[in-house]
>>> print(open('input36.tsv').read())   # TSV, C-alpha atoms
chain	number	residue	atom	x	y	z
A	930	MET	CA	10.70	23.57	23.90
A	931	LEU	CA	13.51	22.19	26.02
A	932	MET	CA	12.92	18.85	24.37
A	933	LEU	CA	12.97	20.48	20.95
A	934	ALA	CA	16.18	22.27	21.77
A	935	ALA	CA	17.65	18.95	22.77
A	936	CYS	CA	16.65	17.27	19.49
A	937	PRO	CA	19.52	18.58	17.36
A	938	GLN	CA	22.04	17.27	19.87
A	939	ARG	CA	20.55	13.77	19.87
A	940	GLN	CA	23.18	12.26	17.61
A	941	PRO	CA	24.06	8.58	17.77
A	942	ASP	CA	27.58	7.65	18.70
A	943	ALA	CA	29.21	7.97	15.33
A	944	PRO	CA	31.59	5.11	14.56
A	945	GLY	CA	35.11	6.05	13.46
A	946	PRO	CA	36.25	5.78	9.83
A	947	GLU	CA	38.01	2.43	10.40
A	948	VAL	CA	34.85	0.94	11.87
A	949	MET	CA	32.75	2.41	9.07
A	950	SER	CA	35.14	0.96	6.52
A	951	PHE	CA	34.96	-2.47	8.16
A	952	LEU	CA	31.17	-2.37	8.34
A	953	SER	CA	30.89	-1.25	4.72
A	954	ALA	CA	33.27	-3.95	3.44
A	955	SER	CA	31.54	-6.66	5.46
A	956	ARG	CA	28.12	-5.57	4.17
A	957	ALA	CA	29.40	-5.79	0.58
A	958	LEU	CA	30.83	-9.26	1.21
A	959	HIS	CA	27.61	-10.48	2.83
A	960	ARG	CA	25.76	-9.30	-0.29
A	961	GLN	CA	28.24	-11.22	-2.43
A	962	ALA	CA	27.51	-14.28	-0.32
A	963	ASP	CA	23.76	-13.69	-0.90
A	964	VAL	CA	24.32	-13.70	-4.66
A	965	HIS	CA	26.37	-16.93	-4.48
A	966	GLU	CA	23.77	-18.60	-2.24
A	967	ASP	CA	20.97	-17.61	-4.62
A	968	ALA	CA	22.97	-19.10	-7.49
A	969	ASN	CA	23.49	-22.29	-5.45
A	970	ARG	CA	27.24	-21.78	-5.11
A	971	PRO	CA	27.75	-22.41	-1.37
A	972	SER	CA	31.55	-22.69	-1.60
A	973	ASP	CA	31.73	-19.23	-3.20
A	974	ALA	CA	29.42	-17.92	-0.48
A	975	ILE	CA	31.75	-19.41	2.13
A	976	ALA	CA	34.74	-17.78	0.43
A	977	ALA	CA	33.03	-14.37	0.55
A	978	LEU	CA	32.15	-14.81	4.22
A	979	ASP	CA	35.67	-15.99	5.05
A	980	ARG	CA	36.90	-12.68	3.66
A	981	VAL	CA	34.78	-10.85	6.25
A	982	ILE	CA	36.58	-12.73	9.02
A	983	ALA	CA	39.92	-11.95	7.38
A	984	LEU	CA	39.25	-8.21	7.08
A	985	PRO	CA	41.60	-6.01	9.09
A	986	GLN	CA	39.70	-5.41	12.29
A	987	PRO	CA	39.83	-2.06	14.06
A	988	SER	CA	39.65	-2.01	17.84
A	989	PRO	CA	36.54	-4.01	18.66
A	990	THR	CA	33.28	-2.15	19.09
A	991	PRO	CA	29.88	-3.74	19.76
A	992	GLU	CA	29.04	-3.38	16.04
A	993	ILE	CA	32.17	-5.27	15.03
A	994	HIS	CA	31.46	-8.05	17.53
A	995	GLU	CA	27.93	-8.30	16.11
A	996	VAL	CA	29.19	-8.51	12.52
A	997	LEU	CA	31.75	-11.18	13.41
A	998	ALA	CA	29.26	-13.22	15.46
A	999	ASP	CA	26.73	-12.96	12.62
A	1000	THR	CA	29.31	-13.93	9.99
A	1001	HIS	CA	30.48	-16.95	12.00
A	1002	ALA	CA	26.82	-17.99	12.44
A	1003	ARG	CA	26.24	-17.75	8.70
A	1004	LEU	CA	29.44	-19.69	7.97
A	1005	ALA	CA	28.43	-22.36	10.50
A	1006	ASP	CA	25.00	-22.66	8.92
A	1007	THR	CA	26.44	-22.91	5.40
A	1008	HIS	CA	28.98	-25.55	6.45
A	1009	LEU	CA	26.21	-27.46	8.24
A	1010	LYS	CA	24.19	-27.56	5.02
A	1011	GLN	CA	27.29	-28.96	3.32
A	1012	VAL	CA	27.48	-31.57	6.13
A	1013	GLN	CA	30.87	-30.18	7.15
A	1014	LEU	CA	30.07	-30.58	10.83
A	1015	ASP	CA	33.54	-29.90	12.29
A	1016	LYS	CA	33.92	-26.68	10.37
A	1017	ALA	CA	30.39	-25.68	11.32
A	1018	MET	CA	31.06	-26.28	15.02
A	1019	ASP	CA	34.38	-24.42	14.79
A	1020	HIS	CA	32.55	-21.33	13.53
A	1021	VAL	CA	29.92	-21.60	16.28
A	1022	ARG	CA	32.66	-21.60	18.93
A	1023	LYS	CA	34.45	-18.65	17.31
A	1024	GLY	CA	31.17	-16.80	16.98
A	1025	LEU	CA	30.24	-17.33	20.62
A	1026	VAL	CA	33.47	-15.54	21.63
A	1027	HIS	CA	31.96	-12.40	20.04
A	1028	ALA	CA	28.49	-12.95	21.53
A	1029	GLN	CA	28.81	-13.62	25.22
A	1030	ALA	CA	25.77	-11.64	26.34
A	1031	PRO	CA	22.27	-13.06	25.78
A	1032	THR	CA	21.68	-11.30	22.46
A	1033	PHE	CA	20.03	-12.37	19.21
A	1034	PHE	CA	23.51	-13.28	17.92
A	1035	ARG	CA	24.16	-15.69	20.81
A	1036	GLY	CA	20.69	-17.19	20.52
A	1037	HIS	CA	21.17	-17.73	16.80
A	1038	LEU	CA	24.58	-19.37	17.31
A	1039	LEU	CA	23.07	-21.69	19.95
A	1040	GLU	CA	20.23	-22.61	17.60
A	1041	ILE	CA	22.80	-23.57	14.93
A	1042	GLU	CA	24.87	-25.41	17.54
A	1043	GLY	CA	21.76	-27.42	18.46
A	1044	ALA	CA	21.29	-28.35	14.81
A	1045	ILE	CA	24.96	-29.37	14.46
A	1046	LEU	CA	24.75	-31.50	17.61
A	1047	GLU	CA	21.62	-33.17	16.28
A	1048	ALA	CA	23.44	-33.95	13.01
A	1049	GLU	CA	26.40	-35.32	14.99
A	1050	SER	CA	24.04	-37.45	17.06
A	1051	LYS	CA	22.52	-38.96	13.91
A	1052	LYS	CA	25.97	-39.61	12.50
A	1053	LEU	CA	27.06	-41.39	15.70
A	1054	ARG	CA	23.89	-43.48	15.75
A	1055	ALA	CA	24.46	-44.47	12.14
A	1056	ALA	CA	27.96	-45.56	13.14
A	1057	GLY	CA	26.51	-47.71	15.91
A	1058	GLN	CA	27.77	-45.48	18.74
A	1059	GLU	CA	24.46	-45.39	20.58
A	1060	SER	CA	25.53	-43.97	23.97
A	1061	GLU	CA	27.59	-41.16	22.34
A	1062	ALA	CA	24.64	-40.47	20.06
A	1063	LEU	CA	22.30	-40.17	23.06
A	1064	ALA	CA	24.70	-37.80	24.82
A	1065	LYS	CA	24.89	-35.58	21.71
A	1066	ARG	CA	21.14	-35.65	21.38
A	1067	LYS	CA	20.72	-34.53	24.98
A	1068	GLU	CA	23.23	-31.76	24.39
A	1069	ALA	CA	21.37	-30.70	21.25
A	1070	LEU	CA	18.07	-30.43	23.14
A	1071	ALA	CA	19.75	-28.36	25.85
A	1072	ARG	CA	21.22	-25.93	23.27
A	1073	LEU	CA	17.89	-25.57	21.49
A	1074	ASN	CA	16.16	-24.84	24.80
A	1075	ASP	CA	18.85	-22.25	25.58
A	1076	ALA	CA	18.29	-20.65	22.17
A	1077	VAL	CA	14.52	-20.44	22.76
A	1078	ALA	CA	15.06	-18.85	26.19
A	1079	ILE	CA	17.50	-16.26	24.81
A	1080	HIS	CA	15.28	-15.31	21.87
A	1081	GLU	CA	12.28	-14.98	24.17
A	1082	LYS	CA	14.32	-12.58	26.30
A	1083	VAL	CA	15.66	-10.67	23.26
A	1084	ILE	CA	12.15	-10.10	21.92
A	1085	ARG	CA	10.99	-8.76	25.28
A	1086	GLN	CA	14.03	-6.53	25.53
A	1087	GLN	CA	13.57	-5.15	22.03
A	1088	LEU	CA	9.83	-4.61	22.19
A	1089	GLY	CA	9.16	-4.21	25.89
A	1090	ASP	CA	6.97	-6.44	28.03
A	1091	ALA	CA	3.68	-5.07	26.65
A	1092	GLY	CA	1.78	-7.68	24.69
A	1093	THR	CA	3.05	-10.61	26.69
A	1094	THR	CA	0.89	-12.39	29.17
A	1095	GLN	CA	3.64	-12.89	31.74
B	962	MET	CA	7.33	1.90	20.51
B	963	ASN	CA	3.95	3.07	19.21
B	964	THR	CA	3.75	5.23	22.30
B	965	ARG	CA	7.07	6.80	21.39
B	966	ARG	CA	5.86	7.56	17.87
B	967	LEU	CA	2.73	9.13	19.30
B	968	LEU	CA	4.81	11.23	21.67
B	969	ILE	CA	7.00	12.41	18.81
B	970	CYS	CA	3.96	13.29	16.71
B	971	ALA	CA	2.44	15.10	19.69
B	972	ALA	CA	5.69	17.00	20.17
B	973	LEU	CA	5.73	17.93	16.48
B	974	THR	CA	2.16	19.18	16.69
B	975	ALA	CA	2.88	21.09	19.89
B	976	PHE	CA	5.90	22.63	18.21
B	977	ALA	CA	3.86	23.68	15.19
B	978	VAL	CA	1.24	25.22	17.49
B	979	ALA	CA	3.94	26.93	19.52
B	980	CYS	CA	5.48	28.31	16.33
B	981	GLY	CA	2.11	29.62	15.24
B	982	ALA	CA	1.66	31.23	18.63
B	983	GLY	CA	5.22	32.47	18.55
B	984	GLN	CA	4.55	34.36	15.34
B	985	GLN	CA	1.64	36.25	16.82
B	986	PRO	CA	3.51	38.36	19.37
B	987	ALA	CA	5.84	39.63	16.65
B	988	SER	CA	2.98	41.12	14.70
B	989	ALA	CA	0.19	41.26	17.23
B	990	PRO	CA	1.51	44.02	19.51
B	991	ALA	CA	1.89	46.40	16.59
B	992	GLN	CA	-1.46	45.26	15.35
B	993	THR	CA	-3.32	45.71	18.61
B	994	SER	CA	-1.64	49.00	19.39
B	995	MET	CA	-2.66	50.32	16.02
B	996	ARG	CA	-6.23	49.16	16.41
B	997	SER	CA	-6.73	50.10	20.01
B	998	ASP	CA	-7.95	53.57	19.12
B	999	ALA	CA	-9.88	52.44	16.11
B	1000	SER	CA	-11.38	49.33	17.66
B	1001	SER	CA	-14.91	50.60	17.16
B	1002	SER	CA	-14.42	51.07	13.41
B	1003	ALA	CA	-12.35	47.96	12.78
B	1004	PRO	CA	-14.33	44.95	11.69
B	1005	ARG	CA	-14.38	42.10	14.20
B	1006	PRO	CA	-13.10	38.80	12.97
B	1007	SER	CA	-16.64	37.48	12.71
B	1008	GLU	CA	-17.91	40.46	10.78
B	1009	PRO	CA	-17.94	40.78	7.00
B	1010	GLY	CA	-14.69	42.27	5.84
B	1011	ALA	CA	-12.77	40.87	8.76
B	1012	ARG	CA	-9.32	39.70	7.79
B	1013	SER	CA	-7.56	36.60	8.74
B	1014	PRO	CA	-4.47	36.99	10.95
B	1015	SER	CA	-2.28	36.21	7.97
B	1016	THR	CA	-3.26	39.52	6.36
B	1017	PHE	CA	-2.21	41.58	9.38
B	1018	PRO	CA	0.91	43.08	7.80
B	1019	THR	CA	-1.09	44.62	4.96
B	1020	ASP	CA	-3.24	46.37	7.55
B	1021	VAL	CA	-0.32	48.46	8.65
B	1022	PRO	CA	-0.44	51.09	5.90
B	1023	SER	CA	-4.17	51.47	6.35
B	1024	ALA	CA	-3.82	52.60	9.97
B	1025	PRO	CA	-5.82	55.70	10.80
B	1026	SER	CA	-4.05	58.93	9.92
B	1027	GLY	CA	-2.32	60.59	12.84
B	1028	MET	CA	-1.26	57.25	14.28
B	1029	PRO	CA	2.49	57.05	14.73
B	1030	VAL	CA	3.72	54.55	12.20
B	1031	ALA	CA	7.41	53.67	12.26
B	1032	PRO	CA	8.90	54.28	8.81
B	1033	THR	CA	10.82	51.00	8.97
B	1034	MET	CA	7.72	48.90	9.61
B	1035	PRO	CA	6.92	47.82	6.06
B	1036	SER	CA	10.47	46.58	5.38
B	1037	ALA	CA	11.09	45.29	8.92
B	1038	PHE	CA	8.13	42.98	8.78
B	1039	PRO	CA	9.17	40.81	5.86
B	1040	THR	CA	12.75	40.58	7.17
B	1041	SER	CA	11.74	39.45	10.65
B	1042	ARG	CA	9.26	37.03	9.12
B	1043	LEU	CA	11.99	35.69	6.89
B	1044	PHE	CA	14.22	35.14	9.91
B	1045	GLU	CA	11.34	33.58	11.80
B	1046	ARG	CA	10.50	31.30	8.88
B	1047	GLU	CA	14.14	30.28	8.50
B	1048	ARG	CA	14.37	29.53	12.21
B	1049	ILE	CA	11.20	27.45	12.08
B	1050	VAL	CA	12.42	25.54	9.03
B	1051	GLN	CA	15.72	24.84	10.79
B	1052	GLU	CA	14.00	23.67	13.95
B	1053	LEU	CA	11.57	21.49	12.01
B	1054	THR	CA	14.47	19.99	10.05
B	1055	GLN	CA	16.22	19.12	13.30
B	1056	LEU	CA	12.99	17.72	14.67
B	1057	GLN	CA	12.56	15.62	11.54
B	1058	LYS	CA	16.09	14.29	11.98
B	1059	GLY	CA	15.23	13.32	15.54
B	1060	LEU	CA	12.07	11.63	14.31
B	1061	ASP	CA	14.01	9.74	11.62
B	1062	LEU	CA	16.54	8.57	14.19
B	1063	SER	CA	13.77	7.42	16.48
B	1064	LEU	CA	11.99	5.56	13.68
B	1065	SER	CA	15.21	3.93	12.49
B	1066	ALA	CA	15.87	2.81	16.08
B	1067	GLY	CA	12.38	1.29	16.05
B	1068	ALA	CA	13.08	-0.40	12.73
B	1069	ARG	CA	16.26	-1.90	14.16
B	1070	GLN	CA	14.36	-3.19	17.20
B	1071	CYS	CA	11.79	-4.84	14.93
B	1072	ASP	CA	14.51	-6.23	12.67
B	1073	LEU	CA	16.24	-7.87	15.63
B	1074	ALA	CA	12.92	-9.08	17.09
B	1075	CYS	CA	11.95	-10.63	13.73
B	1076	ARG	CA	15.34	-12.31	13.35
B	1077	ALA	CA	15.08	-13.63	16.90
B	1078	LEU	CA	11.59	-14.94	16.15
B	1079	THR	CA	12.79	-16.72	12.98
B	1080	SER	CA	15.64	-18.38	14.85
B	1081	MET	CA	13.27	-19.24	17.72
B	1082	GLU	CA	10.87	-20.92	15.24
B	1083	LYS	CA	13.72	-23.07	13.90
B	1084	ALA	CA	14.85	-24.02	17.41
B	1085	VAL	CA	11.31	-24.96	18.49
B	1086	GLU	CA	10.74	-26.93	15.29
B	1087	LYS	CA	13.91	-28.98	15.89
B	1088	LEU	CA	13.14	-29.35	19.60
B	1089	CYS	CA	9.68	-30.75	18.87
B	1090	ARG	CA	10.88	-32.95	16.01
B	1091	MET	CA	13.48	-34.51	18.32
B	1092	ALA	CA	11.12	-34.81	21.29
B	1093	ASP	CA	10.73	-38.40	22.46
B	1094	GLY	CA	8.89	-39.42	25.60
B	1095	ASN	CA	6.63	-37.46	27.92
B	1096	ALA	CA	9.25	-35.16	29.44
B	1097	GLU	CA	10.57	-34.06	26.06
B	1098	GLN	CA	7.06	-33.69	24.65
B	1099	GLN	CA	6.27	-31.44	27.56
B	1100	GLN	CA	9.41	-29.39	26.88
B	1101	CYS	CA	8.25	-29.08	23.29
B	1102	GLU	CA	4.81	-27.83	24.36
B	1103	VAL	CA	6.34	-25.26	26.70
B	1104	ALA	CA	8.61	-24.04	23.89
B	1105	ARG	CA	5.63	-23.87	21.49
B	1106	GLY	CA	3.73	-21.77	24.01
B	1107	LYS	CA	6.68	-19.36	24.27
B	1108	LEU	CA	6.85	-19.19	20.47
B	1109	ARG	CA	3.12	-18.42	20.19
B	1110	GLU	CA	3.45	-15.66	22.75
B	1111	ALA	CA	6.53	-14.21	21.08
B	1112	THR	CA	4.84	-14.33	17.65
B	1113	THR	CA	1.81	-12.44	18.99
B	1114	HIS	CA	4.08	-9.87	20.62
B	1115	VAL	CA	6.19	-9.28	17.50
B	1116	ARG	CA	3.11	-9.05	15.24
B	1117	ALA	CA	1.48	-6.56	17.60
B	1118	GLU	CA	4.53	-4.29	17.65
B	1119	CYS	CA	6.07	-4.78	14.22
B	1120	GLY	CA	3.44	-6.34	11.96
B	1121	GLU	CA	4.40	-9.28	9.78
B	1122	CYS	CA	8.09	-10.11	9.65
B	1123	VAL	CA	9.63	-10.30	6.18
B	1124	HIS	CA	11.76	-13.43	6.06
>>> encode(input="input36.tsv", output="structure tokens")
Amino acid sequence: MLMLAACPQRQPDAPGPEVMSFLSASRALHRQADVHEDANRPSDAIAALDRVIALPQPSPTPEIHEVLADTHARLADTHLKQVQLDKAMDHVRKGLVHAQAPTFFRGHLLEIEGAILEAESKKLRAAGQESEALAKRKEALARLNDAVAIHEKVIRQQLGDAGTTQ
Amino acid sequence: MNTRRLLICAALTAFAVACGAGQQPASAPAQTSMRSDASSSAPRPSEPGARSPSTFPTDVPSAPSGMPVAPTMPSAFPTSRLFERERIVQELTQLQKGLDLSLSAGARQCDLACRALTSMEKAVEKLCRMADGNAEQQQCEVARGKLREATTHVRAECGECVH
């Protein structure tokens, strides 16, 4: 009964109105970006996602950091598909500022960074810059390995260690 | 997570049982005190004509004559039951809210785990596509093993991920 009495008080930390407003606006803009992506309009999708970054930001909370890291990751991925490698890498770096702990968001940004580095490596090789290309390739492999390690950890953290053999 | 759901369901069941038990003392004392003298004539629950506990309030007027019956009893019963019912509904509503919160927390955990798995699949795919030479092939195999293990874990806890 003590547990039952405690139930009504088990409220999550309610975000303030400014945070709620930010989260709501960013969700709407991400949906707009979905629509543009589905209609094969990547530049419009980028414009919608850029508006998320430009939204007035209340004092940072973990939710806001997550939204910004996720938005930068999505922007990086979209720019990568457009072969805009510098812009893609710029968004990865900005996103990593908001995802310093080993979370899904950091792992995802590192996975995209690995893909960008691989694309840069190919570009350098095509330009005849073999040693630079090899260095980028090595860097890409390291980032991808980091991403795998983080995601492995995230899954264990989210679901517990049960079900794993280690 | 499944364990948590089970615990919540067990708590809900225990609460329902406790509520059922909690209702008894409100009516039972009056009931037993009224029947104590007439226990020989009252039908036992297993006998024909025995009434279920839910019919106890209607037994009150049929108490043997001479038994002191409080004049407020017939009206007091429905009111206290109403209060009791309202309290139970309120507590169950709160419990349901707690259950919803717990399930939504579980849904978020699975959502993040599925997203992590999707990103992990992409990373492993690139890692293995780029692998060149024994050392890198070995790295690829290690990463594939981790992916297999993670996939099994996520499927066991969350079912299939919707991409």
>>> closest_atom_pairs(input="input36.tsv", of="chain B", to="chain A", cutoff="8 Å", atoms="all atoms listed in the file", output="CSV")
residue,atom,partner,partner_atom,distance
B:Met962,CA,A:Leu1088,CA,7.2
B:Phe976,CA,A:Met930,CA,7.5
B:Glu1052,CA,A:Leu933,CA,7.8
B:Gln1055,CA,A:Pro937,CA,5.3
B:Leu1056,CA,A:Cys936,CA,6.1
B:Lys1058,CA,A:Pro937,CA,7.7
B:Gly1059,CA,A:Cys936,CA,5.8
B:Gln1070,CA,A:Gln1087,CA,5.3
B:Cys1071,CA,A:Gln1087,CA,7.3
B:Leu1073,CA,A:Phe1033,CA,6.9
B:Ala1074,CA,A:Ile1084,CA,5.0
B:Arg1076,CA,A:Phe1033,CA,7.5
B:Ala1077,CA,A:His1080,CA,5.3
B:Leu1078,CA,A:His1080,CA,6.8
B:Ser1080,CA,A:His1037,CA,5.9
B:Met1081,CA,A:Val1077,CA,5.3
B:Lys1083,CA,A:Glu1040,CA,7.5
B:Ala1084,CA,A:Leu1073,CA,5.3
B:Val1085,CA,A:Val1077,CA,7.0
B:Lys1087,CA,A:Ala1044,CA,7.5
B:Leu1088,CA,A:Leu1070,CA,6.2
B:Met1091,CA,A:Leu1070,CA,7.8
B:Ala1104,CA,A:Val1077,CA,7.0
B:Lys1107,CA,A:Glu1081,CA,7.1
B:Leu1108,CA,A:Glu1081,CA,7.8
B:Glu1110,CA,A:Thr1093,CA,6.4
B:Ala1111,CA,A:Glu1081,CA,6.6
B:Thr1113,CA,A:Gly1092,CA,7.4
B:His1114,CA,A:Gly1092,CA,5.2
B:Val1115,CA,A:Ile1084,CA,7.5
B:Ala1117,CA,A:Gly1092,CA,7.2
B:Glu1118,CA,A:Leu1088,CA,7.0
>>> closest_residue(input="input36.tsv", among="A:Ala957, A:Thr1007, A:Ala1002, A:Pro944", to="Asp973 of chain A", atoms="only C-alpha atoms")
A:Thr1007
>>> atom_distance(input="input36.tsv", atom1="atom CA of Leu1004 of chain A", atom2="atom CA of His959 of chain A")
10.7 Å
>>> atom_distance(input="input36.tsv", atom1="atom CA of Cys1119 of chain B", atom2="atom CA of Asp1072 of chain B")
8.7 Å
>>> closest_residue(input="input36.tsv", among="A:Gln986, A:Thr1000, A:Ser972, A:Gln1011", to="Ser950 of chain A", atoms="all atoms listed in the file")
A:Gln986
>>> atom_distance(input="input36.tsv", atom1="atom CA of Glu1059 of chain A", atom2="atom CA of Leu1009 of chain A")
21.8 Å
>>> residues_around(input="input36.tsv", residues="segment 1051-1054 of chain A", least_positions_apart="6", cutoff="9 Å", atoms="all atoms listed in the file", output="ChimeraX atom specification")
/A:1060-1063,1065-1066
>>> write_last_selection(input="input36.tsv", atoms="C-alpha atoms", output="short mmCIF file (atom, residue, chain, number, x, y, z; two decimals), keeping the file's coordinate frame")
data_model
loop_
_atom_site.label_atom_id
_atom_site.label_comp_id
_atom_site.auth_asym_id
_atom_site.auth_seq_id
_atom_site.Cartn_x
_atom_site.Cartn_y
_atom_site.Cartn_z
CA SER A 1060 25.53 -43.97 23.97
CA GLU A 1061 27.59 -41.16 22.34
CA ALA A 1062 24.64 -40.47 20.06
CA LEU A 1063 22.30 -40.17 23.06
CA LYS A 1065 24.89 -35.58 21.71
CA ARG A 1066 21.14 -35.65 21.38
#
>>> residues_around(input="input36.tsv", residues="segment 960-962 of chain A", least_positions_apart="5", cutoff="9 Å", atoms="only C-alpha atoms", output="ChimeraX atom specification")
/A:955,967,970-971,973-978
>>> write_last_selection(input="input36.tsv", atoms="C-alpha atoms", output="mmCIF file, keeping the file's coordinate frame")
data_model
loop_
_atom_site.group_PDB
_atom_site.id
_atom_site.type_symbol
_atom_site.label_atom_id
_atom_site.label_comp_id
_atom_site.auth_asym_id
_atom_site.auth_seq_id
_atom_site.Cartn_x
_atom_site.Cartn_y
_atom_site.Cartn_z
ATOM 1 C CA SER A 955 31.540 -6.660 5.460
ATOM 2 C CA ASP A 967 20.970 -17.610 -4.620
ATOM 3 C CA ARG A 970 27.240 -21.780 -5.110
ATOM 4 C CA PRO A 971 27.750 -22.410 -1.370
ATOM 5 C CA ASP A 973 31.730 -19.230 -3.200
ATOM 6 C CA ALA A 974 29.420 -17.920 -0.480
ATOM 7 C CA ILE A 975 31.750 -19.410 2.130
ATOM 8 C CA ALA A 976 34.740 -17.780 0.430
ATOM 9 C CA ALA A 977 33.030 -14.370 0.550
ATOM 10 C CA LEU A 978 32.150 -14.810 4.220
#
>>> closest_residue(input="input36.tsv", among="A:Gly1057, A:Gly1024, A:Pro946, A:Pro1031", to="Ala998 of chain A", atoms="all atoms listed in the file")
A:Gly1024
>>> residues_around(input="input36.tsv", residues="His994 of chain A", least_positions_apart="2", cutoff="12 Å", atoms="all atoms listed in the file", output="number ranges by chain")
A: 948, 951-952, 982, 986-992, 996-1001, 1023-1030, 1032, 1034-1035
>>> write_last_selection(input="input36.tsv", atoms="C-alpha atoms", output="mmCIF file, keeping the file's coordinate frame")
data_model
loop_
_atom_site.group_PDB
_atom_site.id
_atom_site.type_symbol
_atom_site.label_atom_id
_atom_site.label_comp_id
_atom_site.auth_asym_id
_atom_site.auth_seq_id
_atom_site.Cartn_x
_atom_site.Cartn_y
_atom_site.Cartn_z
ATOM 1 C CA VAL A 948 34.850 0.940 11.870
ATOM 2 C CA PHE A 951 34.960 -2.470 8.160
ATOM 3 C CA LEU A 952 31.170 -2.370 8.340
ATOM 4 C CA ILE A 982 36.580 -12.730 9.020
ATOM 5 C CA GLN A 986 39.700 -5.410 12.290
ATOM 6 C CA PRO A 987 39.830 -2.060 14.060
ATOM 7 C CA SER A 988 39.650 -2.010 17.840
ATOM 8 C CA PRO A 989 36.540 -4.010 18.660
ATOM 9 C CA THR A 990 33.280 -2.150 19.090
ATOM 10 C CA PRO A 991 29.880 -3.740 19.760
ATOM 11 C CA GLU A 992 29.040 -3.380 16.040
ATOM 12 C CA VAL A 996 29.190 -8.510 12.520
ATOM 13 C CA LEU A 997 31.750 -11.180 13.410
ATOM 14 C CA ALA A 998 29.260 -13.220 15.460
ATOM 15 C CA ASP A 999 26.730 -12.960 12.620
ATOM 16 C CA THR A 1000 29.310 -13.930 9.990
ATOM 17 C CA HIS A 1001 30.480 -16.950 12.000
ATOM 18 C CA LYS A 1023 34.450 -18.650 17.310
ATOM 19 C CA GLY A 1024 31.170 -16.800 16.980
ATOM 20 C CA LEU A 1025 30.240 -17.330 20.620
ATOM 21 C CA VAL A 1026 33.470 -15.540 21.630
ATOM 22 C CA HIS A 1027 31.960 -12.400 20.040
ATOM 23 C CA ALA A 1028 28.490 -12.950 21.530
ATOM 24 C CA GLN A 1029 28.810 -13.620 25.220
ATOM 25 C CA ALA A 1030 25.770 -11.640 26.340
ATOM 26 C CA THR A 1032 21.680 -11.300 22.460
ATOM 27 C CA PHE A 1034 23.510 -13.280 17.920
ATOM 28 C CA ARG A 1035 24.160 -15.690 20.810
#
